>>> print(open('coords-v4.cif').read())   # mmCIF, C-alpha atoms
data_run
#
loop_
_atom_site.label_atom_id
_atom_site.label_comp_id
_atom_site.auth_asym_id
_atom_site.auth_seq_id
_atom_site.Cartn_x
_atom_site.Cartn_y
_atom_site.Cartn_z
CA MET K 17 -1.68 -5.76 66.63
CA GLU K 18 -3.00 -2.37 67.72
CA THR K 19 -6.40 -2.83 66.17
CA SER K 20 -8.90 -3.59 68.87
CA GLU K 21 -11.54 -6.29 68.84
CA ALA K 22 -14.21 -3.63 68.41
CA GLU K 23 -12.46 -2.19 65.35
CA LEU K 24 -11.94 -5.62 63.82
CA ARG K 25 -15.56 -6.44 64.38
CA ALA K 26 -16.62 -3.19 62.73
CA LEU K 27 -14.42 -4.09 59.75
CA MET K 28 -16.03 -7.52 59.58
CA VAL K 29 -19.55 -6.15 59.75
CA ALA K 30 -18.70 -3.71 56.95
CA SER K 31 -17.14 -6.57 54.98
CA LEU K 32 -20.27 -8.67 55.29
CA ALA K 33 -22.18 -5.71 53.91
CA GLY K 34 -19.91 -5.80 50.86
CA ASP K 35 -17.26 -3.17 51.70
CA ALA K 36 -14.17 -4.52 49.90
CA GLY K 37 -11.88 -1.87 51.40
CA ALA K 38 -12.85 -2.80 54.94
CA TYR K 39 -12.43 -6.45 54.01
CA ARG K 40 -8.93 -5.94 52.63
CA ALA K 41 -7.98 -4.04 55.79
CA LEU K 42 -9.42 -6.82 57.94
CA LEU K 43 -7.60 -9.62 56.14
CA GLY K 44 -4.40 -7.56 56.14
CA ASP K 45 -4.73 -7.13 59.88
CA LEU K 46 -5.54 -10.76 60.56
CA ARG K 47 -2.62 -12.03 58.48
CA PRO K 48 0.21 -11.23 60.95
CA ARG K 49 -1.94 -12.38 63.86
CA LEU K 50 -2.46 -15.72 62.19
CA GLY K 51 1.22 -15.84 61.27
CA SER K 52 2.26 -15.53 64.90
CA TYR K 53 -0.50 -17.90 66.02
CA PHE K 54 0.76 -20.67 63.73
CA GLY K 55 4.42 -19.66 64.12
CA ARG K 56 4.29 -20.20 67.88
CA ARG K 57 2.74 -23.61 67.43
CA LEU K 58 4.80 -24.88 64.51
CA ARG K 59 8.36 -23.95 65.47
CA ARG K 60 9.67 -27.07 63.80
CA GLU K 61 7.79 -26.56 60.57
CA PRO K 62 8.19 -22.87 59.71
CA ASP K 63 7.54 -23.68 56.05
CA ASP K 64 3.99 -24.73 56.81
CA VAL K 65 3.09 -21.52 58.62
CA GLU K 66 2.38 -19.46 55.52
CA ASP K 67 0.32 -22.30 54.01
CA LEU K 68 -1.82 -22.44 57.12
CA VAL K 69 -2.23 -18.66 57.16
CA GLN K 70 -3.50 -18.85 53.59
CA ASP K 71 -5.76 -21.83 54.30
CA THR K 72 -7.24 -19.94 57.22
CA LEU K 73 -7.77 -16.75 55.22
CA ILE K 74 -9.54 -18.77 52.53
CA ALA K 75 -11.73 -20.49 55.13
CA ILE K 76 -12.56 -17.13 56.70
CA HIS K 77 -13.60 -15.95 53.26
CA THR K 78 -15.64 -18.92 52.09
CA ARG K 79 -17.28 -19.46 55.49
CA ARG K 80 -17.78 -15.84 56.47
CA GLU K 81 -21.53 -16.35 56.75
CA THR K 82 -20.90 -18.45 59.86
CA TYR K 83 -19.75 -15.34 61.72
CA ASP K 84 -22.52 -14.23 64.07
CA ARG K 85 -22.64 -10.42 64.09
CA ASN K 86 -23.78 -10.43 67.71
CA GLN K 87 -20.61 -12.10 68.89
CA ALA K 88 -16.92 -11.22 69.13
CA LEU K 89 -14.88 -11.64 65.96
CA THR K 90 -11.49 -12.82 67.23
CA PRO K 91 -12.77 -16.00 68.91
CA TRP K 92 -14.41 -16.88 65.59
CA VAL K 93 -11.17 -16.28 63.68
CA TYR K 94 -9.08 -18.28 66.14
CA ALA K 95 -11.59 -21.11 66.19
CA ILE K 96 -11.10 -21.42 62.42
CA ALA K 97 -7.31 -21.17 62.82
CA ARG K 98 -7.40 -23.82 65.52
CA TYR K 99 -9.46 -26.14 63.31
CA LYS K 100 -6.94 -25.71 60.50
CA LEU K 101 -4.08 -26.36 62.92
CA ILE K 102 -5.67 -29.57 64.18
CA ASP K 103 -6.31 -30.61 60.60
CA HIS K 104 -2.65 -29.95 59.87
CA TYR K 105 -1.53 -32.07 62.84
CA ARG K 106 -3.85 -34.81 61.72
CA ARG K 107 -2.46 -34.84 58.23
CA GLY K 108 1.10 -34.81 59.56
CA GLY K 109 0.24 -37.41 62.17
CA ARG K 110 -0.67 -39.84 59.49
CA ARG K 111 2.94 -39.88 58.40
CA VAL K 112 4.65 -39.56 61.75
CA PHE K 113 2.69 -41.88 64.01
CA VAL K 114 2.25 -44.95 61.87
CA PRO K 115 0.36 -47.60 63.87
CA LEU K 116 2.44 -50.64 64.79
CA ASP K 117 0.57 -52.96 62.46
CA ASP K 118 1.21 -50.71 59.52
CA ALA K 119 4.87 -50.40 60.42
CA ALA K 120 5.19 -54.17 60.56
CA SER K 121 3.56 -54.65 57.18
CA GLU K 122 5.82 -51.97 55.74
CA LEU K 123 8.86 -53.83 57.04
CA ARG K 124 7.52 -57.01 55.55
CA VAL K 125 7.25 -55.33 52.20
CA GLU K 126 10.84 -54.15 52.47
CA ASP K 127 11.96 -57.66 53.38
CA HIS K 128 10.16 -58.99 50.41
CA GLY K 129 11.93 -56.44 48.22
CA ALA K 130 15.28 -57.45 49.65
CA ALA K 131 14.51 -61.11 49.03
CA VAL K 132 13.67 -60.35 45.42
CA ASP K 133 16.96 -58.50 45.05
CA ALA K 134 18.87 -61.33 46.63
CA ARG K 135 17.23 -63.86 44.36
CA ARG K 136 18.10 -61.75 41.32
CA ASP K 137 21.75 -61.56 42.47
CA VAL K 138 21.87 -65.31 42.93
CA GLU K 139 20.42 -65.90 39.47
CA LYS K 140 23.03 -63.55 38.02
CA ALA K 141 25.77 -65.47 39.80
CA LEU K 142 24.38 -68.82 38.71
CA ALA K 143 24.33 -67.65 35.14
CA SER K 144 28.11 -67.51 35.23
CA LEU K 145 28.32 -71.28 35.87
CA PRO K 146 28.27 -74.05 33.28
CA PRO K 147 24.68 -75.29 32.67
CA ARG K 148 25.12 -78.58 34.46
CA ALA K 149 26.49 -77.09 37.70
CA ARG K 150 23.87 -74.32 37.49
CA GLY K 151 21.07 -76.90 37.41
CA LEU K 152 22.49 -78.72 40.39
CA LEU K 153 22.78 -75.66 42.55
CA ARG K 154 19.33 -74.42 41.58
CA ASP K 155 17.77 -77.74 42.55
CA LEU K 156 19.72 -78.13 45.76
CA LYS K 157 19.95 -74.63 47.15
CA LEU K 158 17.18 -72.54 45.62
CA ASP K 159 14.46 -75.16 45.34
CA GLU K 160 15.72 -77.00 48.43
CA ARG K 161 15.47 -80.45 46.95
CA SER K 162 17.19 -83.38 48.60
CA VAL K 163 20.48 -84.70 47.28
CA ALA K 164 18.77 -87.94 46.24
CA GLU K 165 16.11 -86.09 44.30
CA THR K 166 18.65 -83.82 42.65
CA ALA K 167 20.73 -86.83 41.72
CA ALA K 168 17.70 -88.57 40.19
CA ARG K 169 16.76 -85.46 38.17
CA ALA K 170 20.31 -84.99 36.91
CA GLY K 171 20.87 -88.71 36.22
CA MET K 172 23.95 -88.70 38.49
CA SER K 173 24.92 -90.59 41.62
CA GLU K 174 24.42 -88.88 44.94
CA GLY K 175 28.16 -88.76 45.53
CA ALA K 176 28.75 -87.13 42.15
CA VAL K 177 26.05 -84.53 42.94
CA LYS K 178 27.70 -83.69 46.24
CA VAL K 179 31.10 -83.30 44.65
CA ALA K 180 29.90 -81.33 41.64
CA SER K 181 27.75 -78.98 43.71
CA HIS K 182 30.54 -78.41 46.18
CA ARG K 183 32.86 -77.48 43.34
CA ALA K 184 30.31 -75.19 41.80
CA LEU K 185 29.76 -73.39 45.09
CA LYS K 186 33.48 -73.03 45.59
CA SER K 187 33.99 -71.55 42.16
CA LEU K 188 31.14 -69.10 42.81
CA MET K 189 32.68 -68.11 46.13
CA ASP K 190 36.10 -67.63 44.55
CA ARG K 191 34.58 -65.46 41.88
CA PHE K 192 32.60 -63.15 44.17
CA ALA K 193 34.72 -63.18 47.30
CA GLY K 194 37.63 -61.15 45.92
CA ASP K 195 36.95 -57.90 44.12
CA GLY K 196 33.26 -58.58 43.61
CA GLY K 197 33.71 -58.27 39.86
CA ASP K 198 31.27 -60.44 37.97
CA ALA K 199 32.84 -60.72 34.54
CA HIS K 200 36.06 -62.69 34.93
CA ASP K 201 35.34 -65.44 32.46
CA ARG K 202 32.28 -64.62 30.49
CA MET S 20 1.77 -14.72 47.64
CA THR S 21 -0.44 -14.10 50.61
CA ASP S 22 -0.84 -10.50 49.38
CA ASP S 23 -2.14 -11.84 46.08
CA LEU S 24 -4.51 -14.07 47.98
CA ILE S 25 -5.88 -11.15 50.01
CA ASP S 26 -6.33 -9.19 46.77
CA ARG S 27 -8.17 -12.09 45.21
CA LEU S 28 -10.40 -12.68 48.21
CA SER S 29 -11.36 -9.03 48.56
CA GLY S 30 -12.06 -8.90 44.83
CA ASP S 31 -14.40 -11.84 45.28
CA LEU S 32 -16.33 -10.25 48.16
CA ARG S 33 -20.09 -10.40 47.91
CA PRO S 34 -22.38 -9.19 50.67
CA VAL S 35 -23.77 -11.73 53.11
CA ARG S 36 -27.19 -11.25 54.67
CA GLY S 37 -27.78 -11.83 58.33
CA GLY S 38 -29.40 -15.20 58.95
CA ALA S 39 -27.59 -16.73 55.98
CA VAL S 40 -26.80 -19.90 57.94
CA THR S 41 -30.44 -20.41 58.93
CA ALA S 42 -31.54 -19.74 55.36
CA ARG S 43 -29.10 -22.28 53.98
CA LEU S 44 -30.19 -24.94 56.46
CA LEU S 45 -33.89 -24.32 55.91
CA ILE S 46 -33.45 -24.54 52.14
CA ALA S 47 -31.68 -27.85 52.60
CA LEU S 48 -34.40 -29.08 54.94
CA GLY S 49 -37.08 -28.02 52.46
CA VAL S 50 -35.40 -29.67 49.47
CA GLY S 51 -34.81 -32.84 51.47
CA ILE S 52 -38.42 -32.99 52.63
CA ALA S 53 -39.68 -32.40 49.09
CA VAL S 54 -37.63 -35.33 47.81
CA ALA S 55 -38.77 -37.50 50.73
CA LEU S 56 -42.41 -36.56 50.05
CA ALA S 57 -42.04 -37.52 46.41
CA GLY S 58 -40.36 -40.78 47.39
CA VAL S 59 -42.93 -41.80 50.00
CA GLY S 60 -45.85 -40.61 47.84
CA LEU S 61 -44.71 -42.57 44.81
CA GLY S 62 -43.14 -45.54 46.57
CA LEU S 63 -45.59 -46.20 49.42
CA GLY S 64 -48.54 -43.92 48.76
CA PHE S 65 -50.12 -41.58 51.28
CA ARG S 66 -52.90 -42.72 53.61
CA ARG S 67 -56.12 -43.36 51.73
CA ASP S 68 -58.12 -42.26 54.76
CA MET S 69 -56.24 -38.95 54.94
CA GLY S 70 -59.44 -36.93 55.33
CA GLU S 71 -60.56 -38.96 58.32
CA ALA S 72 -57.07 -39.20 59.75
CA MET S 73 -56.73 -35.44 59.81
CA GLY S 74 -59.60 -35.37 62.28
CA SER S 75 -57.81 -37.73 64.69
CA MET S 76 -55.57 -36.68 67.55
CA MET S 77 -53.06 -39.42 66.91
CA PHE S 78 -52.31 -38.23 63.37
CA TRP S 79 -51.33 -34.77 64.63
CA MET S 80 -49.53 -36.18 67.61
CA LYS S 81 -47.30 -38.32 65.38
CA LEU S 82 -46.65 -35.44 63.03
CA THR S 83 -45.84 -33.06 65.88
CA TYR S 84 -43.54 -35.55 67.57
CA ALA S 85 -41.58 -36.11 64.36
CA LEU S 86 -41.48 -32.47 63.29
CA ALA S 87 -40.32 -31.42 66.75
CA PHE S 88 -37.09 -33.35 66.16
CA ALA S 89 -36.71 -31.89 62.69
CA VAL S 90 -37.07 -28.34 63.98
CA LEU S 91 -35.03 -28.78 67.18
CA GLY S 92 -32.35 -30.69 65.27
CA VAL S 93 -31.93 -27.94 62.67
CA TRP S 94 -32.00 -25.38 65.47
CA CYS S 95 -29.03 -27.15 67.10
CA VAL S 96 -27.27 -27.56 63.76
CA GLU S 97 -27.55 -23.81 63.25
CA ARG S 98 -25.23 -23.38 66.27
CA LEU S 99 -22.98 -26.33 65.47
CA ALA S 100 -22.43 -25.03 61.94
CA ARG S 101 -20.32 -22.21 63.39
CA PRO S 102 -16.72 -22.58 64.53
CA VAL S 103 -17.43 -21.15 67.99
CA GLY S 104 -20.92 -22.55 68.15
CA SER S 105 -22.08 -24.47 71.16
CA ALA S 106 -25.49 -26.10 71.18
CA SER S 107 -25.45 -26.82 74.89
CA ARG S 108 -28.34 -24.41 75.55
CA ARG S 109 -30.44 -25.94 72.80
CA LEU S 110 -29.75 -29.65 73.15
CA PRO S 111 -31.79 -30.06 76.38
CA TRP S 112 -34.94 -29.07 74.50
CA LEU S 113 -34.78 -32.39 72.68
CA ALA S 114 -35.92 -34.03 75.89
CA ALA S 115 -39.32 -32.30 75.62
CA PRO S 116 -40.85 -34.27 72.71
CA ALA S 117 -39.24 -37.46 74.00
CA ALA S 118 -40.78 -36.98 77.44
CA ALA S 119 -44.15 -36.03 75.94
CA ILE S 120 -44.43 -39.18 73.81
CA LEU S 121 -43.28 -41.32 76.71
CA VAL S 122 -45.96 -39.93 79.02
CA LEU S 123 -48.60 -40.33 76.33
CA ALA S 124 -47.53 -43.93 75.69
CA ILE S 125 -47.62 -44.82 79.36
CA VAL S 126 -51.04 -43.23 79.80
CA GLN S 127 -52.41 -45.14 76.81
CA LEU S 128 -51.04 -48.43 78.10
CA ALA S 129 -52.31 -47.78 81.61
CA ARG S 130 -55.82 -47.16 80.35
CA ALA S 131 -55.92 -50.13 78.01
CA PRO S 132 -56.59 -53.72 79.08
CA ALA S 133 -53.51 -55.92 79.00
CA ALA S 134 -54.88 -57.74 75.95
CA ALA S 135 -54.66 -54.51 73.95
CA TRP S 136 -51.01 -53.87 74.80
CA ARG S 137 -49.54 -55.95 72.03
CA PRO S 138 -51.39 -54.17 69.21
CA LEU S 139 -50.67 -50.81 70.84
CA ILE S 140 -46.96 -51.59 70.96
CA MET S 141 -46.42 -53.65 67.82
CA GLY S 142 -49.17 -52.36 65.52
CA HIS S 143 -49.00 -53.98 62.08
CA SER S 144 -45.71 -52.57 60.86
CA ALA S 145 -43.25 -52.51 63.76
CA MET S 146 -40.60 -54.42 61.83
CA ILE S 147 -40.56 -52.22 58.74
CA CYS S 148 -41.42 -48.85 60.27
CA PRO S 149 -37.91 -47.87 61.44
CA TRP S 150 -36.41 -48.89 58.11
CA LEU S 151 -38.90 -46.89 56.09
CA ILE S 152 -38.34 -43.85 58.31
CA LEU S 153 -34.60 -44.23 57.78
CA ALA S 154 -35.15 -44.41 54.03
CA ALA S 155 -37.35 -41.31 54.09
CA ALA S 156 -34.66 -39.52 56.13
CA VAL S 157 -31.90 -40.16 53.60
CA PRO S 158 -32.64 -37.25 51.22
CA VAL S 159 -32.97 -34.84 54.15
CA PHE S 160 -29.73 -36.09 55.66
CA VAL S 161 -27.88 -35.69 52.37
CA ALA S 162 -29.23 -32.15 51.93
CA LEU S 163 -28.31 -31.09 55.47
CA ILE S 164 -24.82 -32.56 55.22
CA TRP S 165 -24.38 -30.76 51.91
CA ALA S 166 -25.41 -27.49 53.58
CA LEU S 167 -23.08 -28.10 56.52
CA ARG S 168 -20.15 -28.73 54.24
CA GLY S 169 -20.36 -25.14 53.11
CA LEU S 170 -20.42 -23.93 56.70
CA ALA S 171 -17.80 -24.38 59.41
CA PRO S 172 -18.62 -27.12 61.94
CA THR S 173 -15.71 -27.71 64.31
CA ARG S 174 -17.43 -30.54 66.18
CA PRO S 175 -18.27 -32.77 63.23
CA ARG S 176 -19.46 -35.69 65.31
CA LEU S 177 -22.14 -33.74 67.13
CA ALA S 178 -22.99 -31.66 64.05
CA GLY S 179 -23.37 -34.83 61.97
CA GLY S 180 -25.48 -36.42 64.70
CA MET S 181 -27.80 -33.44 64.96
CA ALA S 182 -28.13 -33.25 61.17
CA GLY S 183 -29.05 -36.96 61.34
CA LEU S 184 -31.61 -36.38 64.08
CA ALA S 185 -33.19 -33.50 62.17
CA ALA S 186 -33.30 -35.68 59.06
CA GLY S 187 -34.78 -38.53 61.09
CA GLY S 188 -37.50 -36.24 62.41
CA ALA S 189 -38.29 -34.94 58.93
CA GLY S 190 -38.26 -38.46 57.49
CA ALA S 191 -40.59 -39.69 60.25
CA ALA S 192 -42.97 -36.77 59.62
CA VAL S 193 -43.13 -37.61 55.92
CA TYR S 194 -43.56 -41.29 56.68
CA ALA S 195 -46.43 -40.45 59.08
CA LEU S 196 -48.41 -39.38 55.99
CA HIS S 197 -48.29 -43.00 54.84
CA CYS S 198 -48.34 -44.91 58.11
CA PRO S 199 -51.80 -45.75 59.55
CA GLU S 200 -50.55 -46.77 63.01
CA ALA S 201 -52.33 -45.00 65.86
CA GLY S 202 -50.73 -46.27 69.07
CA ALA S 203 -48.63 -43.85 71.13
CA PRO S 204 -46.47 -46.74 72.41
CA PHE S 205 -45.87 -47.77 68.81
CA VAL S 206 -44.71 -44.26 67.95
CA ALA S 207 -42.62 -43.98 71.11
CA ILE S 208 -40.72 -47.14 70.23
CA TRP S 209 -40.62 -47.61 66.48
CA TYR S 210 -40.71 -44.00 65.29
CA SER S 211 -38.04 -43.17 67.83
CA LEU S 212 -35.91 -46.05 66.61
CA GLY S 213 -36.36 -44.88 63.02
CA LEU S 214 -35.47 -41.29 63.71
CA LEU S 215 -32.52 -42.17 65.95
CA SER S 216 -30.84 -44.35 63.32
CA PRO S 217 -29.81 -41.42 61.10
CA TYR S 218 -28.57 -39.74 64.28
CA VAL S 219 -26.24 -42.68 64.87
CA ILE S 220 -25.15 -42.61 61.23
CA GLY S 221 -24.44 -38.89 61.55
CA ILE S 222 -22.36 -39.41 64.69
CA ILE S 223 -20.32 -42.08 62.94
CA ALA S 224 -19.96 -40.43 59.54
CA GLY S 225 -19.76 -36.79 60.70
CA PRO S 226 -15.99 -36.57 61.04
CA ARG S 227 -15.54 -37.92 57.52
CA LEU S 228 -18.34 -36.06 55.83
CA LEU S 229 -17.79 -32.69 57.46
CA ARG S 230 -14.12 -31.90 56.86
CA TRP S 231 -13.26 -28.52 55.49
#
>>> encode(input="coords-v4.cif", output="structure tokens")
Amino acid sequence: METSEAELRALMVASLAGDAGAYRALLGDLRPRLGSYFGRRLRREPDDVEDLVQDTLIAIHTRRETYDRNQALTPWVYAIARYKLIDHYRRGGRRVFVPLDDAASELRVEDHGAAVDARRDVEKALASLPPRARGLLRDLKLDERSVAETAARAGMSEGAVKVASHRALKSLMDRFAGDGGDAHDR
Amino acid sequence: MTDDLIDRLSGDLRPVRGGAVTARLLIALGVGIAVALAGVGLGLGFRRDMGEAMGSMMFWMKLTYALAFAVLGVWCVERLARPVGSASRRLPWLAAPAAAILVLAIVQLARAPAAAWRPLIMGHSAMICPWLILAAAVPVFVALIWALRGLAPTRPRLAGGMAGLAAGGAGAAVYALHCPEAGAPFVAIWYSLGLLSPYVIGIIAGPRLLRW
């Protein structure tokens, strides 16, 4: 931190003329300055500080022709650092501040996933029933058909459908209520 | 790791001449104009009465008006291409060609009988002129954006807008070699519309195109 603006500028002017030694000294001097610049602003993300220091050094290198020799060097360096910092915030912001609409659609996707899981669990449970009871429950509960319709499809009376489906549900409940094991019978 | 990086960067050091930014922008402007010239020359054809036209005031007035925006626009971009660059001292100059064409248009209209206003304003090509100028500006815009991407604009909206305006001016100048219109009001309206449209595109697209 002891190097003055005038010395840094002299190093930069020499670097632009092709003096690799001056350039190495300049970058070496800028490195801790950039480290503390980013460190002060990214207290919560210390891991990103070194990345930003490197990004900034690379930008200084590849865009060194944009330095105007008639002007001070440090404002130029910090303007680049500031740009990289804002870019970093912007990238991070995309993850942190998700707009409400996006959040809602994400939740919807999760709900959908949960529904798929639930459906798969139900199918697994149904598979443990005899085929006839399985068909009744699928019609009544999953496809939400009426009792009359279910009865017509199964060729049973409505009363028989009610009784049989009630029994099937009860047996399912007995099977999964206790220890949650799914392989008692089959 | 950062030490390695510093080693690598200093090993990669090549000298940079003063005025490198200006040189890069002028090369881009030149390449863009060359492509636009080829496009307008092959696609639309240059004026057949070019010899005569070159003796008329209006021909040079149109060319000067358009080129003024190309030059002033690139001049502003030269500042905006730098991280600490501010173009606030240069931007006001853009008012000069705009004011000049406006005065000229008003004078022409004031001197002409009312019956001549419509042709002075609408000419024969008012509806296609802005579009063709925009088309002629495209290669210049692309070249300038390409040049800016290698520089360090920190105000991408304004930098993109100025690159667009410079491209619009260059495109309009190239188009003026095809266009036979001679009314100052026509130029003030339709040329301006044509050269402002890439400016608007640059303002809108700048932040996306100019990230580094």
>>> interface_residues(input="coords-v4.cif", of="chain K", to="chain S", cutoff="9 Å", atoms="all atoms listed in the file", output="PyMOL selection string")
chain K and resi 31-37+39-40+43-44+47+66-67+69-70+73-75+77-85+91-96+99-100+103
>>> residues_near_point(input="coords-v4.cif", point="(18.4, -84.5, 42.5)", cutoff="12 Å", atoms="all atoms listed in the file", output="ChimeraX atom specification")
/K:149,151-157,159-178,180-181
>>> closest_residue(input="coords-v4.cif", among="K:Ala41, K:Ile76, K:Ala141, K:Arg150", to="K:Asp190", atoms="all atoms listed in the file")
K:Ala141
>>> atom_distance(input="coords-v4.cif", atom1="atom CA of K:Leu42", atom2="atom CA of K:Val29")
10.3 Å
>>> residues_around(input="coords-v4.cif", residues="S:Cys95", least_positions_apart="5", cutoff="12 Å", atoms="only C-alpha atoms", output="JSON, numbers by chain")
{"S": [40, 41, 44, 88, 89, 90, 100, 101, 104, 105, 106, 107, 108, 109, 110, 111, 112, 113, 172, 177, 178, 179, 180, 181, 182, 183, 184, 185]}
>>> residues_around(input="coords-v4.cif", residues="K:Leu188", least_positions_apart="4", cutoff="8 Å", atoms="only C-alpha atoms", output="compact mmCIF listing (two decimals) with C-alpha atoms, in the coordinates of the input")
# COMPACT_ATOMS: atom_id res chain seq x y z
CA ALA K 141 25.77 -65.47 39.80
CA LEU K 142 24.38 -68.82 38.71
CA LEU K 145 28.32 -71.28 35.87
CA ALA K 184 30.31 -75.19 41.80
CA PHE K 192 32.60 -63.15 44.17
>>> resolve_selection(input="coords-v4.cif", expression="the PyMOL selection byres ((chain S and resi 58-75) around 7)", output="list in words")
Val54, Ala55, Leu56, Ala57, Met76, Met77, Phe78, Ala155, Tyr194, Leu196, His197, Cys198 and Pro199 of chain S
>>> write_last_selection(input="coords-v4.cif", atoms="C-alpha atoms", output="CSV table (one decimal), keeping the file's coordinate frame")
chain,number,residue,atom,x,y,z
S,54,VAL,CA,-37.6,-35.3,47.8
S,55,ALA,CA,-38.8,-37.5,50.7
S,56,LEU,CA,-42.4,-36.6,50.0
S,57,ALA,CA,-42.0,-37.5,46.4
S,76,MET,CA,-55.6,-36.7,67.6
S,77,MET,CA,-53.1,-39.4,66.9
S,78,PHE,CA,-52.3,-38.2,63.4
S,155,ALA,CA,-37.4,-41.3,54.1
S,194,TYR,CA,-43.6,-41.3,56.7
S,196,LEU,CA,-48.4,-39.4,56.0
S,197,HIS,CA,-48.3,-43.0,54.8
S,198,CYS,CA,-48.3,-44.9,58.1
S,199,PRO,CA,-51.8,-45.8,59.6
>>> resolve_selection(input="coords-v4.cif", expression="the PyMOL selection byres ((chain K and resi 24) around 9)", output="list in words")
Thr19, Ser20, Glu21, Ala22, Glu23, Arg25, Ala26, Leu27, Met28, Val29, Leu42, Asp45, Leu46, Leu89 and Thr90 of chain K
>>> resolve_selection(input="coords-v4.cif", expression="the PyMOL selection byres ((chain K and resi 56-62) around 12)", output="ChimeraX atom specification")
/K:49-55,63-69,97-98,101-102,104-105,108
>>> write_last_selection(input="coords-v4.cif", atoms="C-alpha atoms", output="mmCIF file, in the frame of the given file")
data_model
loop_
_atom_site.group_PDB
_atom_site.id
_atom_site.type_symbol
_atom_site.label_atom_id
_atom_site.label_comp_id
_atom_site.auth_asym_id
_atom_site.auth_seq_id
_atom_site.Cartn_x
_atom_site.Cartn_y
_atom_site.Cartn_z
ATOM 1 C CA ARG K 49 -1.940 -12.380 63.860
ATOM 2 C CA LEU K 50 -2.460 -15.720 62.190
ATOM 3 C CA GLY K 51 1.220 -15.840 61.270
ATOM 4 C CA SER K 52 2.260 -15.530 64.900
ATOM 5 C CA TYR K 53 -0.500 -17.900 66.020
ATOM 6 C CA PHE K 54 0.760 -20.670 63.730
ATOM 7 C CA GLY K 55 4.420 -19.660 64.120
ATOM 8 C CA ASP K 63 7.540 -23.680 56.050
ATOM 9 C CA ASP K 64 3.990 -24.730 56.810
ATOM 10 C CA VAL K 65 3.090 -21.520 58.620
ATOM 11 C CA GLU K 66 2.380 -19.460 55.520
ATOM 12 C CA ASP K 67 0.320 -22.300 54.010
ATOM 13 C CA LEU K 68 -1.820 -22.440 57.120
ATOM 14 C CA VAL K 69 -2.230 -18.660 57.160
ATOM 15 C CA ALA K 97 -7.310 -21.170 62.820
ATOM 16 C CA ARG K 98 -7.400 -23.820 65.520
ATOM 17 C CA LEU K 101 -4.080 -26.360 62.920
ATOM 18 C CA ILE K 102 -5.670 -29.570 64.180
ATOM 19 C CA HIS K 104 -2.650 -29.950 59.870
ATOM 20 C CA TYR K 105 -1.530 -32.070 62.840
ATOM 21 C CA GLY K 108 1.100 -34.810 59.560
#
>>> atom_distance(input="coords-v4.cif", atom1="atom CA of S:Trp165", atom2="atom CA of K:Gln87")
25.5 Å
>>> atom_distance(input="coords-v4.cif", atom1="atom CA of K:Val138", atom2="atom CA of K:Met189")
11.6 Å
>>> closest_residue(input="coords-v4.cif", among="S:Ala156, S:Leu91, S:Val50, S:Met141", to="S:Ala189", atoms="only C-alpha atoms")
S:Ala156
>>> residues_near_point(input="coords-v4.cif", point="(-26.6, -26.8, 55.9)", cutoff="6 Å", atoms="all atoms listed in the file", output="PyMOL selection string")
chain S and resi 43-44+163+166-167
>>> closest_residue(input="coords-v4.cif", among="S:Ile164, S:Val96, S:Leu151, S:Ala117", to="S:Arg227", atoms="only C-alpha atoms")
S:Ile164
>>> closest_residue(input="coords-v4.cif", among="S:Ala154, S:Ile52, S:Ala114, S:Ala207", to="S:Leu128", atoms="only C-alpha atoms")
S:Ala207
